[in-house]
Each structure stands twice: as C-alpha cells, then as structure tokens.
Amino acid sequence: MKLRDVMTNPVIRIHPDETVAVAARTLARYNIGVLPVCGADGRVCGLLTDRDIVTRCLASGHSPESTAVREVMTASVVCARADMDTTEAAGMMGREQIRRLPVVEGGKLCGMVSLGDLATFRDTTREASQALSQISSHLSSR
C-alpha cells in the first residue's frame with residue numbers, strides 16, 4: 001500500500017509569514033495539532049505544532065499577534081513521497097521519532113499521514129505499532 005492511499009488530503013497549511021495568532025486559531029478551528037508551513041510555491045519549509053507555539057512563542061515572551069510562523073516553526077522537516085510504501089514510511093517515522101509525516105509529490109505538499117492513519121489499515125497496523133514503540137522507548141530513556 002502506498003502513502004497516497006492512506007494520507008489525508010487536502011491539507012490545511014499556513015504560510016511562513018502569517019502570524020502565530022492566525023496559526024493558533026487555524027489549529028483550533030480545524031481541531032488539529034500540526035500545520036505544514038508552505039511557501040507560495042507549495043513546498044514544505046517547516047511544521048508548526050501547538051507545542052511549538054507554547055514553547056517557542058508564549059513561553060519565550062513573544063506576542064502571537066506580531067510573531068511570524070517562520071520564527072517559531074520547526075524548520076527541519078522529514079517528508080515522504082506519495083508513492084512511498086506505507087511500511088517504509090512507518091519505519092521512517094520510528095527512526096526519526098515523528099508521529100506525523102508531510103507527503104510530497106513533485107516537491108509540493110499533497111497530503112499528511114500520521115501513525116494513527118497507518119494504524120487504521122490492517123496492512124500497516126503492525127508497522128505503526130512498531131514505530132510508536134520506537135518513539136515511546138526513546139521518550140522513556142530521556
């Protein structure tokens with residue numbers, strides 16, 4: 001099974017020049033925990049999580065109304081190809097310690113896949129479980 005078969009599409013995204021306040025309202029409106037950050041060309045340049053907002057903006061004393069997303073986003077992003085096998089993607093998620101994976105095609109964002117997405121398909125339940133186990137064991141060793 002390929003990621004294009006299980007990914008969420010369309011994807012709610014945000015531009016890096018938008019404010020953190022707009023990003024926070026977007027997360028709340030759509031009840032999601034992560035926003036891919038994409039330039040005008042559709043290429044992923046970062047991810048913004050609710051945790052990024054709290055730790056890099058609010059806890060640092062910055063105003064969400066005047067802070068740009070680019071200032072607090074996670075810029076180092078691991079992406080997967082839409083034609084990648086779901087087993088390979090689950091392994092990547094475990095190795096990289098990530099629960100959500102932007103999916104790109106032709107260099108542009110075309111979907112998102114989470115461990116939860118992989119866990120809902122019989123063919124990838126075991127791989128998703130292994131990836132979560134890798135992530136959890138890493139957290140417990142801190």
# chains A, B, ... in the order shown; residues from 1 in each chain; ligands from 1

call {"tool": "select_by_dssp", "arguments": {"residues": "region 6-88 of chain A", "states": "alpha helix (DSSP H)", "output": "JSON, numbers by chain"}}
result
{"A": [20, 21, 22, 23, 24, 25, 26, 27, 28, 29, 30, 50, 51, 52, 69, 70, 71, 72, 86, 87, 88]}

call {"tool": "write_last_selection", "arguments": {"atoms": "C-alpha atoms", "output": "mmCIF file, in the first residue's frame"}}
result
data_model
loop_
_atom_site.group_PDB
_atom_site.id
_atom_site.type_symbol
_atom_site.label_atom_id
_atom_site.label_comp_id
_atom_site.auth_asym_id
_atom_site.auth_seq_id
_atom_site.Cartn_x
_atom_site.Cartn_y
_atom_site.Cartn_z
ATOM 1 C CA VAL A 20 1.337 32.711 15.195
ATOM 2 C CA ALA A 21 -2.069 34.004 16.340
ATOM 3 C CA VAL A 22 -3.589 33.113 12.954
ATOM 4 C CA ALA A 23 -1.892 29.704 13.126
ATOM 5 C CA ALA A 24 -3.283 29.065 16.620
ATOM 6 C CA ARG A 25 -6.805 29.978 15.501
ATOM 7 C CA THR A 26 -6.406 27.675 12.492
ATOM 8 C CA LEU A 27 -5.312 24.786 14.694
ATOM 9 C CA ALA A 28 -8.315 25.372 16.967
ATOM 10 C CA ARG A 29 -10.796 25.806 14.103
ATOM 11 C CA TYR A 30 -9.850 22.519 12.456
ATOM 12 C CA ASP A 50 0.678 23.562 19.149
ATOM 13 C CA ARG A 51 3.730 22.715 21.254
ATOM 14 C CA ASP A 52 5.928 24.988 19.086
ATOM 15 C CA VAL A 69 5.230 31.499 11.981
ATOM 16 C CA ARG A 70 8.730 31.242 10.457
ATOM 17 C CA GLU A 71 10.200 32.405 13.787
ATOM 18 C CA VAL A 72 8.799 29.511 15.830
ATOM 19 C CA THR A 86 3.422 2.534 3.998
ATOM 20 C CA THR A 87 5.752 0.032 5.651
ATOM 21 C CA GLU A 88 8.755 2.135 4.675
#

call {"tool": "select_by_dssp", "arguments": {"residues": "chain A", "states": "strand (DSSP E or B)", "output": "PDB file with N, CA and C atoms, in the first residue's frame"}}
result
ATOM      1  N   LYS A   2       0.488   2.253  -0.726  1.00  0.00           N
ATOM      2  CA  LYS A   2       1.257   3.498  -0.858  1.00  0.00           C
ATOM      3  C   LYS A   2       0.663   4.587   0.029  1.00  0.00           C
ATOM      4  N   THR A   8      -4.056  11.961   4.417  1.00  0.00           N
ATOM      5  CA  THR A   8      -5.136  12.939   4.495  1.00  0.00           C
ATOM      6  C   THR A   8      -4.886  13.994   3.425  1.00  0.00           C
ATOM      7  N   ILE A  14      -0.211  26.600   6.277  1.00  0.00           N
ATOM      8  CA  ILE A  14      -0.051  28.017   6.583  1.00  0.00           C
ATOM      9  C   ILE A  14       1.229  28.540   5.938  1.00  0.00           C
ATOM     10  N   THR A  19       0.972  35.169  11.019  1.00  0.00           N
ATOM     11  CA  THR A  19       1.275  35.296  12.446  1.00  0.00           C
ATOM     12  C   THR A  19       0.946  34.008  13.197  1.00  0.00           C
ATOM     13  N   VAL A  34      -1.040  20.102  14.171  1.00  0.00           N
ATOM     14  CA  VAL A  34       0.131  20.468  13.368  1.00  0.00           C
ATOM     15  C   VAL A  34      -0.317  21.125  12.073  1.00  0.00           C
ATOM     16  N   LEU A  35       0.469  22.107  11.655  1.00  0.00           N
ATOM     17  CA  LEU A  35       0.244  22.766  10.368  1.00  0.00           C
ATOM     18  C   LEU A  35       1.524  22.686   9.551  1.00  0.00           C
ATOM     19  N   PRO A  36       1.455  22.128   8.358  1.00  0.00           N
ATOM     20  CA  PRO A  36       2.613  22.236   7.474  1.00  0.00           C
ATOM     21  C   PRO A  36       2.763  23.700   7.067  1.00  0.00           C
ATOM     22  N   VAL A  37       3.993  24.165   7.027  1.00  0.00           N
ATOM     23  CA  VAL A  37       4.274  25.536   6.625  1.00  0.00           C
ATOM     24  C   VAL A  37       4.818  25.460   5.196  1.00  0.00           C
ATOM     25  N   CYS A  38       4.107  26.126   4.284  1.00  0.00           N
ATOM     26  CA  CYS A  38       4.470  26.051   2.863  1.00  0.00           C
ATOM     27  C   CYS A  38       4.607  27.449   2.278  1.00  0.00           C
ATOM     28  N   VAL A  44       7.125  22.469   1.209  1.00  0.00           N
ATOM     29  CA  VAL A  44       7.162  22.461   2.675  1.00  0.00           C
ATOM     30  C   VAL A  44       8.469  23.091   3.150  1.00  0.00           C
ATOM     31  N   CYS A  45       8.353  24.094   4.019  1.00  0.00           N
ATOM     32  CA  CYS A  45       9.546  24.712   4.588  1.00  0.00           C
ATOM     33  C   CYS A  45       9.590  24.561   6.105  1.00  0.00           C
ATOM     34  N   GLY A  46       8.555  23.943   6.684  1.00  0.00           N
ATOM     35  CA  GLY A  46       8.541  23.727   8.123  1.00  0.00           C
ATOM     36  C   GLY A  46       7.242  23.097   8.572  1.00  0.00           C
ATOM     37  N   LEU A  47       7.176  22.839   9.862  1.00  0.00           N
ATOM     38  CA  LEU A  47       5.958  22.370  10.518  1.00  0.00           C
ATOM     39  C   LEU A  47       5.753  23.223  11.757  1.00  0.00           C
ATOM     40  N   LEU A  48       4.513  23.507  12.073  1.00  0.00           N
ATOM     41  CA  LEU A  48       4.191  24.250  13.283  1.00  0.00           C
ATOM     42  C   LEU A  48       3.208  23.436  14.096  1.00  0.00           C
ATOM     43  N   THR A  49       3.600  23.125  15.324  1.00  0.00           N
ATOM     44  CA  THR A  49       2.725  22.372  16.216  1.00  0.00           C
ATOM     45  C   THR A  49       2.215  23.279  17.324  1.00  0.00           C
ATOM     46  N   ALA A  68       5.932  36.014  13.523  1.00  0.00           N
ATOM     47  CA  ALA A  68       5.683  35.247  12.301  1.00  0.00           C
ATOM     48  C   ALA A  68       5.889  33.758  12.564  1.00  0.00           C
ATOM     49  N   THR A  74       9.213  24.496  13.309  1.00  0.00           N
ATOM     50  CA  THR A  74      10.291  23.528  13.205  1.00  0.00           C
ATOM     51  C   THR A  74      10.688  23.496  11.740  1.00  0.00           C
ATOM     52  N   ALA A  80       7.886  12.536   3.118  1.00  0.00           N
ATOM     53  CA  ALA A  80       7.815  11.273   2.389  1.00  0.00           C
ATOM     54  C   ALA A  80       7.200  11.523   1.020  1.00  0.00           C
ATOM     55  N   ARG A  81       7.471  10.632   0.103  1.00  0.00           N
ATOM     56  CA  ARG A  81       6.885  10.711  -1.241  1.00  0.00           C
ATOM     57  C   ARG A  81       5.524  10.020  -1.251  1.00  0.00           C
ATOM     58  N   ASP A  85       6.006   3.288   0.054  1.00  0.00           N
ATOM     59  CA  ASP A  85       5.270   2.196   0.680  1.00  0.00           C
ATOM     60  C   ASP A  85       4.981   2.549   2.144  1.00  0.00           C
ATOM     61  N   ARG A 100       3.884  12.453  12.694  1.00  0.00           N
ATOM     62  CA  ARG A 100       3.190  12.992  11.516  1.00  0.00           C
ATOM     63  C   ARG A 100       4.201  13.234  10.418  1.00  0.00           C
ATOM     64  N   LEU A 101       3.789  12.947   9.198  1.00  0.00           N
ATOM     65  CA  LEU A 101       4.712  12.999   8.075  1.00  0.00           C
ATOM     66  C   LEU A 101       4.061  13.720   6.897  1.00  0.00           C
ATOM     67  N   PRO A 102       4.623  14.862   6.497  1.00  0.00           N
ATOM     68  CA  PRO A 102       4.122  15.514   5.286  1.00  0.00           C
ATOM     69  C   PRO A 102       4.436  14.630   4.074  1.00  0.00           C
ATOM     70  N   VAL A 103       3.515  14.579   3.142  1.00  0.00           N
ATOM     71  CA  VAL A 103       3.681  13.781   1.936  1.00  0.00           C
ATOM     72  C   VAL A 103       3.783  14.742   0.756  1.00  0.00           C
ATOM     73  N   VAL A 104       4.818  14.550  -0.054  1.00  0.00           N
ATOM     74  CA  VAL A 104       5.053  15.446  -1.179  1.00  0.00           C
ATOM     75  C   VAL A 104       5.043  14.670  -2.491  1.00  0.00           C
ATOM     76  N   GLU A 105       4.682  15.400  -3.519  1.00  0.00           N
ATOM     77  CA  GLU A 105       4.732  14.870  -4.879  1.00  0.00           C
ATOM     78  C   GLU A 105       5.204  16.006  -5.766  1.00  0.00           C
ATOM     79  N   LYS A 108       6.041  19.241  -3.894  1.00  0.00           N
ATOM     80  CA  LYS A 108       4.989  20.047  -3.255  1.00  0.00           C
ATOM     81  C   LYS A 108       4.128  19.195  -2.334  1.00  0.00           C
ATOM     82  N   LEU A 109       3.641  19.818  -1.266  1.00  0.00           N
ATOM     83  CA  LEU A 109       2.795  19.127  -0.312  1.00  0.00           C
ATOM     84  C   LEU A 109       1.527  18.619  -0.988  1.00  0.00           C
ATOM     85  N   CYS A 110       1.234  17.345  -0.784  1.00  0.00           N
ATOM     86  CA  CYS A 110      -0.002  16.788  -1.354  1.00  0.00           C
ATOM     87  C   CYS A 110      -0.814  16.036  -0.311  1.00  0.00           C
ATOM     88  N   GLY A 111      -0.272  15.857   0.904  1.00  0.00           N
ATOM     89  CA  GLY A 111      -1.003  15.150   1.942  1.00  0.00           C
ATOM     90  C   GLY A 111      -0.225  15.091   3.231  1.00  0.00           C
ATOM     91  N   MET A 112      -0.860  14.522   4.241  1.00  0.00           N
ATOM     92  CA  MET A 112      -0.225  14.270   5.537  1.00  0.00           C
ATOM     93  C   MET A 112      -0.623  12.868   5.953  1.00  0.00           C
ATOM     94  N   VAL A 113       0.303  12.190   6.615  1.00  0.00           N
ATOM     95  CA  VAL A 113      -0.008  10.877   7.160  1.00  0.00           C
ATOM     96  C   VAL A 113       0.477  10.842   8.600  1.00  0.00           C
ATOM     97  N   SER A 114      -0.315  10.237   9.458  1.00  0.00           N
ATOM     98  CA  SER A 114       0.046  10.118  10.865  1.00  0.00           C
ATOM     99  C   SER A 114       0.135   8.640  11.233  1.00  0.00           C
TER     100      SER A 114
END

call {"tool": "atom_distance", "arguments": {"atom1": "CA of Ala40 (chain A)", "atom2": "CA of Asp17 (chain A)"}}
result
10.4 Å

call {"tool": "atom_distance", "arguments": {"atom1": "CA of Arg95 (chain A)", "atom2": "CA of Ala75 (chain A)"}}
result
18.3 Å

call {"tool": "closest_residue", "arguments": {"among": "A:Ser60, A:Gly91, A:Gly39, A:Ile98", "to": "Val78 (chain A)", "atoms": "only C-alpha atoms"}}
result
A:Ile98

call {"tool": "atom_distance", "arguments": {"atom1": "CA of Pro16 (chain A)", "atom2": "CA of Ser63 (chain A)"}}
result
15.9 Å

call {"tool": "closest_residue", "arguments": {"among": "A:Val6, A:Leu58, A:Ile32, A:Met73", "to": "Glu18 (chain A)", "atoms": "only C-alpha atoms"}}
result
A:Met73

call {"tool": "closest_residue", "arguments": {"among": "A:Glu96, A:Thr55, A:Ala89, A:Ile12", "to": "Leu118 (chain A)", "atoms": "only C-alpha atoms"}}
result
A:Ala89
